[in-house]
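Undergrad: Have a peek at start-v2.cif (mmCIF, C-alpha atoms and all ligand atoms; chains and numbers go by the auth columns).
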data_data
loop_
_atom_site.group_PDB
_atom_site.id
_atom_site.type_symbol
_atom_site.label_atom_id
_atom_site.label_comp_id
_atom_site.label_asym_id
_atom_site.label_seq_id
_atom_site.Cartn_x
_atom_site.Cartn_y
_atom_site.Cartn_z
_atom_site.B_iso_or_equiv
_atom_site.auth_seq_id
_atom_site.auth_asym_id
ATOM 1 C CA MET A 1 -3.649 -13.147 -4.726 0.00 218 A
ATOM 2 C CA LEU A 2 -0.991 -13.758 -2.094 0.00 219 A
ATOM 3 C CA LYS A 3 0.776 -10.783 -0.529 0.00 220 A
ATOM 4 C CA ILE A 4 4.400 -11.635 0.168 0.00 221 A
ATOM 5 C CA GLY A 5 6.908 -9.622 2.177 0.00 222 A
ATOM 6 C CA LEU A 6 10.609 -9.626 1.284 0.00 223 A
ATOM 7 C CA THR A 7 13.034 -8.502 3.944 0.00 224 A
ATOM 8 C CA GLY A 8 16.609 -8.727 5.167 0.00 225 A
ATOM 9 C CA GLY A 9 19.336 -6.565 6.658 0.00 226 A
ATOM 10 C CA ILE A 10 21.332 -3.829 4.969 0.00 227 A
ATOM 11 C CA GLY A 11 23.244 -5.243 2.004 0.00 228 A
ATOM 12 C CA SER A 12 21.643 -8.694 2.284 0.00 229 A
ATOM 13 C CA GLY A 13 20.472 -8.483 -1.328 0.00 230 A
ATOM 14 C CA LYS A 14 16.737 -7.741 -0.984 0.00 231 A
ATOM 15 C CA THR A 15 16.670 -5.457 -4.005 0.00 232 A
ATOM 16 C CA THR A 16 18.729 -7.924 -6.043 0.00 233 A
ATOM 17 C CA VAL A 17 16.266 -10.715 -5.178 0.00 234 A
ATOM 18 C CA ALA A 18 13.282 -8.443 -5.876 0.00 235 A
ATOM 19 C CA ARG A 19 14.635 -7.725 -9.370 0.00 236 A
ATOM 20 C CA ILE A 20 14.825 -11.472 -10.079 0.00 237 A
ATOM 21 C CA PHE A 21 11.180 -11.864 -9.034 0.00 238 A
ATOM 22 C CA GLU A 22 10.324 -8.969 -11.357 0.00 239 A
ATOM 23 C CA LEU A 23 12.067 -10.793 -14.213 0.00 240 A
ATOM 24 C CA LEU A 24 9.790 -13.745 -13.422 0.00 241 A
ATOM 25 C CA GLY A 25 6.780 -11.459 -13.939 0.00 242 A
ATOM 26 C CA ILE A 26 5.972 -10.730 -10.308 0.00 243 A
ATOM 27 C CA PRO A 27 5.038 -7.135 -9.400 0.00 244 A
ATOM 28 C CA VAL A 28 7.240 -5.693 -6.656 0.00 245 A
ATOM 29 C CA TYR A 29 6.550 -2.726 -4.378 0.00 246 A
ATOM 30 C CA TYR A 30 9.803 -1.171 -3.173 0.00 247 A
ATOM 31 C CA ALA A 31 8.650 0.185 0.190 0.00 248 A
ATOM 32 C CA ASP A 32 11.929 1.836 1.190 0.00 249 A
ATOM 33 C CA ALA A 33 12.143 3.736 -2.096 0.00 250 A
ATOM 34 C CA ALA A 34 8.425 4.571 -1.885 0.00 251 A
ATOM 35 C CA ALA A 35 8.891 5.910 1.660 0.00 252 A
ATOM 36 C CA LYS A 36 11.372 8.461 0.327 0.00 253 A
ATOM 37 C CA THR A 37 8.789 9.749 -2.169 0.00 254 A
ATOM 38 C CA ILE A 38 6.015 9.689 0.437 0.00 255 A
ATOM 39 C CA MET A 39 8.142 11.799 2.823 0.00 256 A
ATOM 40 C CA ASN A 40 8.359 14.447 0.079 0.00 257 A
ATOM 41 C CA GLU A 41 4.769 14.282 -1.115 0.00 258 A
ATOM 42 C CA ASP A 42 2.457 13.472 1.807 0.00 259 A
ATOM 43 C CA GLU A 43 1.646 16.918 3.205 0.00 260 A
ATOM 44 C CA SER A 44 0.254 15.701 6.553 0.00 261 A
ATOM 45 C CA LEU A 45 3.343 13.530 7.084 0.00 262 A
ATOM 46 C CA LYS A 46 5.594 16.508 6.267 0.00 263 A
ATOM 47 C CA VAL A 47 3.835 18.585 8.932 0.00 264 A
ATOM 48 C CA LEU A 48 4.391 15.807 11.487 0.00 265 A
ATOM 49 C CA ILE A 49 8.074 15.389 10.590 0.00 266 A
ATOM 50 C CA LYS A 50 8.658 19.159 10.890 0.00 267 A
ATOM 51 C CA LYS A 51 6.830 19.201 14.220 0.00 268 A
ATOM 52 C CA HIS A 52 9.135 16.540 15.682 0.00 269 A
ATOM 53 C CA PHE A 53 12.413 17.275 13.883 0.00 270 A
ATOM 54 C CA GLY A 54 12.201 21.006 13.237 0.00 271 A
ATOM 55 C CA GLU A 55 11.694 23.183 10.127 0.00 272 A
ATOM 56 C CA ALA A 56 15.242 22.279 8.998 0.00 273 A
ATOM 57 C CA ALA A 57 13.946 18.796 8.147 0.00 274 A
ATOM 58 C CA TYR A 58 12.801 20.241 4.790 0.00 275 A
ATOM 59 C CA THR A 59 14.602 22.544 2.398 0.00 276 A
ATOM 60 C CA GLY A 60 12.332 24.036 -0.254 0.00 277 A
ATOM 61 C CA GLY A 61 9.727 21.347 0.458 0.00 278 A
ATOM 62 C CA VAL A 62 12.207 18.505 -0.037 0.00 279 A
ATOM 63 C CA LEU A 63 13.387 16.306 2.840 0.00 280 A
ATOM 64 C CA ASN A 64 16.872 17.280 3.987 0.00 281 A
ATOM 65 C CA ARG A 65 18.322 13.761 4.131 0.00 282 A
ATOM 66 C CA VAL A 66 21.713 14.807 5.499 0.00 283 A
ATOM 67 C CA TYR A 67 20.042 16.641 8.393 0.00 284 A
ATOM 68 C CA ILE A 68 17.595 13.812 9.180 0.00 285 A
ATOM 69 C CA SER A 69 20.269 11.086 8.860 0.00 286 A
ATOM 70 C CA SER A 70 22.592 12.994 11.172 0.00 287 A
ATOM 71 C CA ILE A 71 19.855 12.852 13.814 0.00 288 A
ATOM 72 C CA VAL A 72 18.385 9.364 13.420 0.00 289 A
ATOM 73 C CA PHE A 73 21.575 7.381 12.878 0.00 290 A
ATOM 74 C CA GLN A 74 22.955 8.796 16.161 0.00 291 A
ATOM 75 C CA ASN A 75 19.845 8.219 18.210 0.00 292 A
ATOM 76 C CA LYS A 76 17.737 5.055 18.281 0.00 293 A
ATOM 77 C CA GLU A 77 14.729 6.771 19.851 0.00 294 A
ATOM 78 C CA LYS A 78 14.652 9.432 17.127 0.00 295 A
ATOM 79 C CA LEU A 79 14.909 6.714 14.487 0.00 296 A
ATOM 80 C CA ALA A 80 12.002 4.853 16.081 0.00 297 A
ATOM 81 C CA LEU A 81 10.033 8.103 16.151 0.00 298 A
ATOM 82 C CA LEU A 82 10.691 8.805 12.451 0.00 299 A
ATOM 83 C CA ASN A 83 9.740 5.223 11.565 0.00 300 A
ATOM 84 C CA SER A 84 6.543 5.472 13.595 0.00 301 A
ATOM 85 C CA LEU A 85 5.550 8.517 11.526 0.00 302 A
ATOM 86 C CA VAL A 86 6.562 7.155 8.125 0.00 303 A
ATOM 87 C CA HIS A 87 5.546 3.475 8.369 0.00 304 A
ATOM 88 C CA PRO A 88 1.757 3.909 8.601 0.00 305 A
ATOM 89 C CA ALA A 89 1.765 6.089 5.446 0.00 306 A
ATOM 90 C CA THR A 90 3.989 3.593 3.595 0.00 307 A
ATOM 91 C CA ILE A 91 1.882 0.613 4.702 0.00 308 A
ATOM 92 C CA ARG A 92 -1.251 2.363 3.409 0.00 309 A
ATOM 93 C CA ALA A 93 0.399 3.182 0.066 0.00 310 A
ATOM 94 C CA ALA A 94 1.615 -0.421 -0.315 0.00 311 A
ATOM 95 C CA GLU A 95 -1.865 -1.773 0.447 0.00 312 A
ATOM 96 C CA LYS A 96 -3.378 0.509 -2.182 0.00 313 A
ATOM 97 C CA TRP A 97 -0.769 -0.539 -4.741 0.00 314 A
ATOM 98 C CA MET A 98 -1.225 -4.261 -4.000 0.00 315 A
ATOM 99 C CA GLN A 99 -4.962 -4.013 -4.546 0.00 316 A
ATOM 100 C CA LEU A 100 -4.372 -2.689 -8.053 0.00 317 A
ATOM 101 C CA GLN A 101 -2.165 -5.601 -9.138 0.00 318 A
ATOM 102 C CA ASP A 102 -3.277 -8.560 -11.162 0.00 319 A
ATOM 103 C CA ALA A 103 -0.842 -11.427 -10.592 0.00 320 A
ATOM 104 C CA ALA A 104 -0.619 -14.801 -8.851 0.00 321 A
ATOM 105 C CA TYR A 105 1.192 -13.062 -6.018 0.00 322 A
ATOM 106 C CA VAL A 106 2.821 -9.716 -5.296 0.00 323 A
ATOM 107 C CA ILE A 107 5.910 -8.791 -3.313 0.00 324 A
ATOM 108 C CA LYS A 108 6.537 -5.932 -0.937 0.00 325 A
ATOM 109 C CA GLU A 109 10.251 -5.361 -0.392 0.00 326 A
ATOM 110 C CA ALA A 110 11.175 -3.579 2.848 0.00 327 A
ATOM 111 C CA ALA A 111 14.095 -3.587 5.285 0.00 328 A
ATOM 112 C CA LEU A 112 11.714 -3.338 8.226 0.00 329 A
ATOM 113 C CA ILE A 113 8.707 -5.638 8.042 0.00 330 A
ATOM 114 C CA PHE A 114 8.460 -7.170 11.498 0.00 331 A
ATOM 115 C CA GLU A 115 9.722 -3.976 13.141 0.00 332 A
ATOM 116 C CA SER A 116 6.937 -1.911 11.518 0.00 333 A
ATOM 117 C CA GLY A 117 4.213 -4.499 12.108 0.00 334 A
ATOM 118 C CA SER A 118 3.517 -4.650 8.377 0.00 335 A
ATOM 119 C CA GLN A 119 3.656 -8.476 8.369 0.00 336 A
ATOM 120 C CA GLU A 120 0.081 -8.323 9.630 0.00 337 A
ATOM 121 C CA GLY A 121 -1.141 -7.318 6.184 0.00 338 A
ATOM 122 C CA LEU A 122 0.981 -9.971 4.455 0.00 339 A
ATOM 123 C CA ASP A 123 0.342 -13.675 3.896 0.00 340 A
ATOM 124 C CA LEU A 124 3.972 -14.835 3.974 0.00 341 A
ATOM 125 C CA VAL A 125 7.406 -13.299 4.431 0.00 342 A
ATOM 126 C CA ILE A 126 10.646 -14.164 2.617 0.00 343 A
ATOM 127 C CA GLY A 127 13.957 -13.381 4.312 0.00 344 A
ATOM 128 C CA VAL A 128 17.218 -12.780 2.453 0.00 345 A
ATOM 129 C CA TYR A 129 20.188 -13.873 4.503 0.00 346 A
ATOM 130 C CA ALA A 130 23.846 -12.956 4.157 0.00 347 A
ATOM 131 C CA PRO A 131 26.539 -12.962 6.842 0.00 348 A
ATOM 132 C CA ARG A 132 27.260 -9.601 8.493 0.00 349 A
ATOM 133 C CA GLN A 133 30.805 -9.274 7.098 0.00 350 A
ATOM 134 C CA LEU A 134 29.602 -9.780 3.554 0.00 351 A
ATOM 135 C CA ARG A 135 26.716 -7.335 4.030 0.00 352 A
ATOM 136 C CA MET A 136 29.166 -4.740 5.301 0.00 353 A
ATOM 137 C CA LEU A 137 31.509 -5.212 2.344 0.00 354 A
ATOM 138 C CA ARG A 138 28.655 -4.956 -0.161 0.00 355 A
ATOM 139 C CA THR A 139 27.248 -1.810 1.417 0.00 356 A
ATOM 140 C CA ILE A 140 30.652 -0.082 1.633 0.00 357 A
ATOM 141 C CA ARG A 141 31.206 -0.826 -2.068 0.00 358 A
ATOM 142 C CA ARG A 142 27.693 0.102 -3.200 0.00 359 A
ATOM 143 C CA ASP A 143 27.278 3.337 -1.203 0.00 360 A
ATOM 144 C CA ASN A 144 30.938 4.351 -1.031 0.00 361 A
ATOM 145 C CA ILE A 145 30.693 4.920 2.725 0.00 362 A
ATOM 146 C CA SER A 146 32.968 4.080 5.638 0.00 363 A
ATOM 147 C CA ARG A 147 32.928 0.912 7.727 0.00 364 A
ATOM 148 C CA ASP A 148 31.899 3.008 10.753 0.00 365 A
ATOM 149 C CA GLU A 149 28.945 4.450 8.859 0.00 366 A
ATOM 150 C CA VAL A 150 27.716 0.956 7.929 0.00 367 A
ATOM 151 C CA ILE A 151 28.119 -0.245 11.524 0.00 368 A
ATOM 152 C CA LYS A 152 26.071 2.742 12.692 0.00 369 A
ATOM 153 C CA ARG A 153 23.271 1.941 10.229 0.00 370 A
ATOM 154 C CA MET A 154 23.367 -1.751 11.097 0.00 371 A
ATOM 155 C CA SER A 155 23.102 -1.103 14.817 0.00 372 A
ATOM 156 C CA SER A 156 19.582 0.222 14.309 0.00 373 A
ATOM 157 C CA GLN A 157 18.381 -3.071 12.822 0.00 374 A
ATOM 158 C CA VAL A 158 17.400 -6.152 14.789 0.00 375 A
ATOM 159 C CA ASN A 159 19.538 -9.267 14.893 0.00 376 A
ATOM 160 C CA GLU A 160 19.572 -10.880 11.465 0.00 377 A
ATOM 161 C CA GLU A 161 19.411 -14.506 12.641 0.00 378 A
ATOM 162 C CA LEU A 162 16.397 -13.664 14.781 0.00 379 A
ATOM 163 C CA LYS A 163 14.686 -11.928 11.865 0.00 380 A
ATOM 164 C CA MET A 164 15.227 -14.964 9.616 0.00 381 A
ATOM 165 C CA LYS A 165 13.535 -17.190 12.204 0.00 382 A
ATOM 166 C CA LEU A 166 10.389 -15.103 11.822 0.00 383 A
ATOM 167 C CA CYS A 167 10.346 -15.565 8.028 0.00 384 A
ATOM 168 C CA ASP A 168 8.394 -18.306 6.252 0.00 385 A
ATOM 169 C CA PHE A 169 11.157 -18.811 3.659 0.00 386 A
ATOM 170 C CA VAL A 170 14.841 -17.904 3.694 0.00 387 A
ATOM 171 C CA LEU A 171 16.990 -17.290 0.616 0.00 388 A
ATOM 172 C CA TYR A 172 20.745 -17.607 1.222 0.00 389 A
ATOM 173 C CA ASN A 173 22.642 -14.861 -0.567 0.00 390 A
ATOM 174 C CA ASP A 174 25.965 -15.772 1.009 0.00 391 A
ATOM 175 C CA GLU A 175 27.900 -16.430 -2.210 0.00 392 A
ATOM 176 C CA GLN A 176 28.039 -20.115 -1.233 0.00 393 A
ATOM 177 C CA LYS A 177 24.690 -21.141 -2.684 0.00 394 A
ATOM 178 C CA LEU A 178 23.617 -19.893 -6.123 0.00 395 A
ATOM 179 C CA LEU A 179 20.922 -17.262 -5.691 0.00 396 A
ATOM 180 C CA ILE A 180 18.930 -17.399 -8.948 0.00 397 A
ATOM 181 C CA PRO A 181 18.007 -21.137 -8.706 0.00 398 A
ATOM 182 C CA GLN A 182 16.785 -20.554 -5.133 0.00 399 A
ATOM 183 C CA VAL A 183 14.545 -17.696 -6.298 0.00 400 A
ATOM 184 C CA ILE A 184 13.160 -19.735 -9.205 0.00 401 A
ATOM 185 C CA ALA A 185 12.395 -22.702 -6.898 0.00 402 A
ATOM 186 C CA LEU A 186 10.628 -20.408 -4.430 0.00 403 A
ATOM 187 C CA HIS A 187 8.701 -18.712 -7.244 0.00 404 A
ATOM 188 C CA GLU A 188 7.397 -22.114 -8.366 0.00 405 A
ATOM 189 C CA ARG A 189 6.395 -22.938 -4.807 0.00 406 A
ATOM 190 C CA LEU A 190 4.585 -19.628 -4.424 0.00 407 A
ATOM 191 C CA LEU A 191 2.724 -20.158 -7.697 0.00 408 A
ATOM 192 C CA VAL A 192 1.437 -23.484 -6.352 0.00 409 A
ATOM 193 C CA LEU A 193 0.518 -21.918 -3.004 0.00 410 A
ATOM 194 C CA SER A 194 -1.275 -19.026 -4.669 0.00 411 A
ATOM 195 C CA SER A 195 -3.317 -21.367 -6.833 0.00 412 A
ATOM 196 C CA GLY A 196 -4.561 -22.968 -3.620 0.00 413 A
ATOM 197 C CA LYS A 197 -2.908 -26.325 -4.326 0.00 414 A
ATOM 198 C CA GLY A 198 -0.106 -25.866 -1.792 0.00 415 A
HETATM 199 P P1 LIG B . 19.764 -2.148 1.428 0.00 1 B
HETATM 200 O O1 LIG B . 18.859 -2.616 2.499 0.00 1 B
HETATM 201 O O2 LIG B . 20.981 -1.478 1.978 0.00 1 B
HETATM 202 O O3 LIG B . 19.078 -1.336 0.347 0.00 1 B
HETATM 203 P P2 LIG B . 19.667 -4.645 -0.073 0.00 1 B
HETATM 204 O O4 LIG B . 19.370 -5.719 0.894 0.00 1 B
HETATM 205 O O5 LIG B . 18.559 -4.182 -0.959 0.00 1 B
HETATM 206 O O6 LIG B . 20.366 -3.458 0.658 0.00 1 B
HETATM 207 P P3 LIG B . 21.167 -4.982 -2.517 0.00 1 B
HETATM 208 O O7 LIG B . 21.190 -3.536 -2.856 0.00 1 B
HETATM 209 O O8 LIG B . 20.326 -5.899 -3.318 0.00 1 B
HETATM 210 O O9 LIG B . 20.863 -5.183 -0.968 0.00 1 B
HETATM 211 O O10 LIG B . 22.656 -5.567 -2.541 0.00 1 B
HETATM 212 C C1 LIG B . 23.735 -4.852 -1.932 0.00 1 B
HETATM 213 C C2 LIG B . 24.907 -4.801 -2.899 0.00 1 B
HETATM 214 O O11 LIG B . 25.445 -6.112 -3.024 0.00 1 B
HETATM 215 C C3 LIG B . 24.507 -4.370 -4.310 0.00 1 B
HETATM 216 O O12 LIG B . 25.517 -3.583 -4.850 0.00 1 B
HETATM 217 C C4 LIG B . 24.367 -5.703 -5.064 0.00 1 B
HETATM 218 O O13 LIG B . 24.639 -5.550 -6.441 0.00 1 B
HETATM 219 C C5 LIG B . 25.416 -6.568 -4.378 0.00 1 B
HETATM 220 N N1 LIG B . 25.026 -7.986 -4.332 0.00 1 B
HETATM 221 C C6 LIG B . 23.900 -8.507 -3.798 0.00 1 B
HETATM 222 N N2 LIG B . 23.869 -9.842 -3.938 0.00 1 B
HETATM 223 C C7 LIG B . 25.009 -10.179 -4.582 0.00 1 B
HETATM 224 C C8 LIG B . 25.571 -11.422 -5.010 0.00 1 B
HETATM 225 N N3 LIG B . 24.971 -12.579 -4.811 0.00 1 B
HETATM 226 N N4 LIG B . 26.757 -11.387 -5.629 0.00 1 B
HETATM 227 C C9 LIG B . 27.398 -10.201 -5.847 0.00 1 B
HETATM 228 N N5 LIG B . 26.945 -8.997 -5.462 0.00 1 B
HETATM 229 C C10 LIG B . 25.752 -8.983 -4.829 0.00 1 B
#
Written as structure tokens, that's how I'd like the structure from this file.

TA:
Amino acid sequence: MLKIGLTGGIGSGKTTVARIFELLGIPVYYADAAAKTIMNEDESLKVLIKKHFGEAAYTGGVLNRVYISSIVFQNKEKLALLNSLVHPATIRAAEKWMQLQDAAYVIKEAALIFESGSQEGLDLVIGVYAPRQLRMLRTIRRDNISRDEVIKRMSSQVNEELKMKLCDFVLYNDEQKLLIPQVIALHERLLVLSSGKG
């Protein structure tokens, strides 16, 4: 069974693409969503986060997102520190989940794949590309946040063009090329590759 990563910048359309793969019968692990649960449930991780970010990081045992965001989106080193604590736990959980699946291939969707080193446990990586302006517009609309807030979040991610160069396949979600036919064509290619005929 092939293990496939799916990545892209904020608002590129990773989750949208992942849902299409799910409709095609492919199991998807949503690593960013899983990380949020893990940060609330993994007791040893909670201890580490409190040690580095203070007791205020949790309110009644639940991660105080506003507090944590106010720290990490202002400070790249703090963001790197938080990621270095959370990523190993998320990578382990994804590995465990992937082993339980029974499919031609499985997908792990995550904003940070190369940055966290998790590509090492994956056979191939798919990138979802959209131009920066379009990503900004989508994120502002989806999250109802300001342009400045999106710029702040984007500044913590590596250059998109560079990231796409590291991917084995790139899907263009730029509203120029139709997205669904690209996903279906890639799905067919991955089925062939996973059957060992590719
Ligand atoms: P993030 O990393 O911020 O979670 P993402 O890469 O998972 O973002 P999505 O949530 O899939 O991105 O897409 C961002 C927003 O753009 C969503 O509201 C989604 O519905 C919309 N969107 C994505 N692709 C398209 C498209 N081709 N046409 C119209 N809207 C789109």

Undergrad: Compile the contact shell of Asp391 in chain A as a VMD selection string: residues with an atom at most 10 Å away, counting only C-alpha atoms, same-chain residues fewer than 3 positions apart removed.

TA: chain A and resid 229 to 230 345 to 349 351 to 352 388 394 to 396

Undergrad: Give the answer as one residue: which of A:Ala274, A:Val283, A:Ala251, A:Val303 has the shortest atom-to-atom distance to Glu326 in chain A, using all atoms listed in the file?

TA: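 Closest to Glu326 in chain A of all the choices is A:Ala251.
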
Undergrad: Can you work out which residues are within 6 Å of ligand LIG 1 (chain B), considering all atoms listed in the file, and then hand them over as a ChimeraX atom specification?

TA: /A:225-233,328,355-356,359,390,392

Undergrad: How far is it from CA of Tyr389 in chain A to CA of Ile330 in chain A, in Å with one decimal?

TA: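 One can read the CA of Tyr389 in chain A to CA of Ile330 in chain A distance as 18.3 Å.
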
Undergrad: What would the selection look like, as a list in words, if the PyMOL selection byres (((chain A and resi 290-294) around 10) and not hetatm) were run on the coordinates I just shared?

TA: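 With the shown file as input, the PyMOL selection byres (((chain A and resi 290-294) around 10) and not hetatm) matches Ile285, Ser286, Ser287, Ile288, Val289, Lys295, Leu296, Ala297, Leu298, Leu299, Asn300, Glu366, Lys369, Arg370, Met371, Ser372, Ser373 and Gln374 of chain A.
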
Undergrad: For CA of Thr276 in chain A and CA of Ala252 in chain A, determine how far apart the two atoms are, in Å to one decimal place.

TA: 17.6 Å

Undergrad: Which of these residues is nearest to Gln336 in chain A, using all atoms listed in the file: A:Ile324, A:Leu407, A:Leu241, A:Met218?

TA: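 Closest to Gln336 in chain A of all the choices is A:Ile324.
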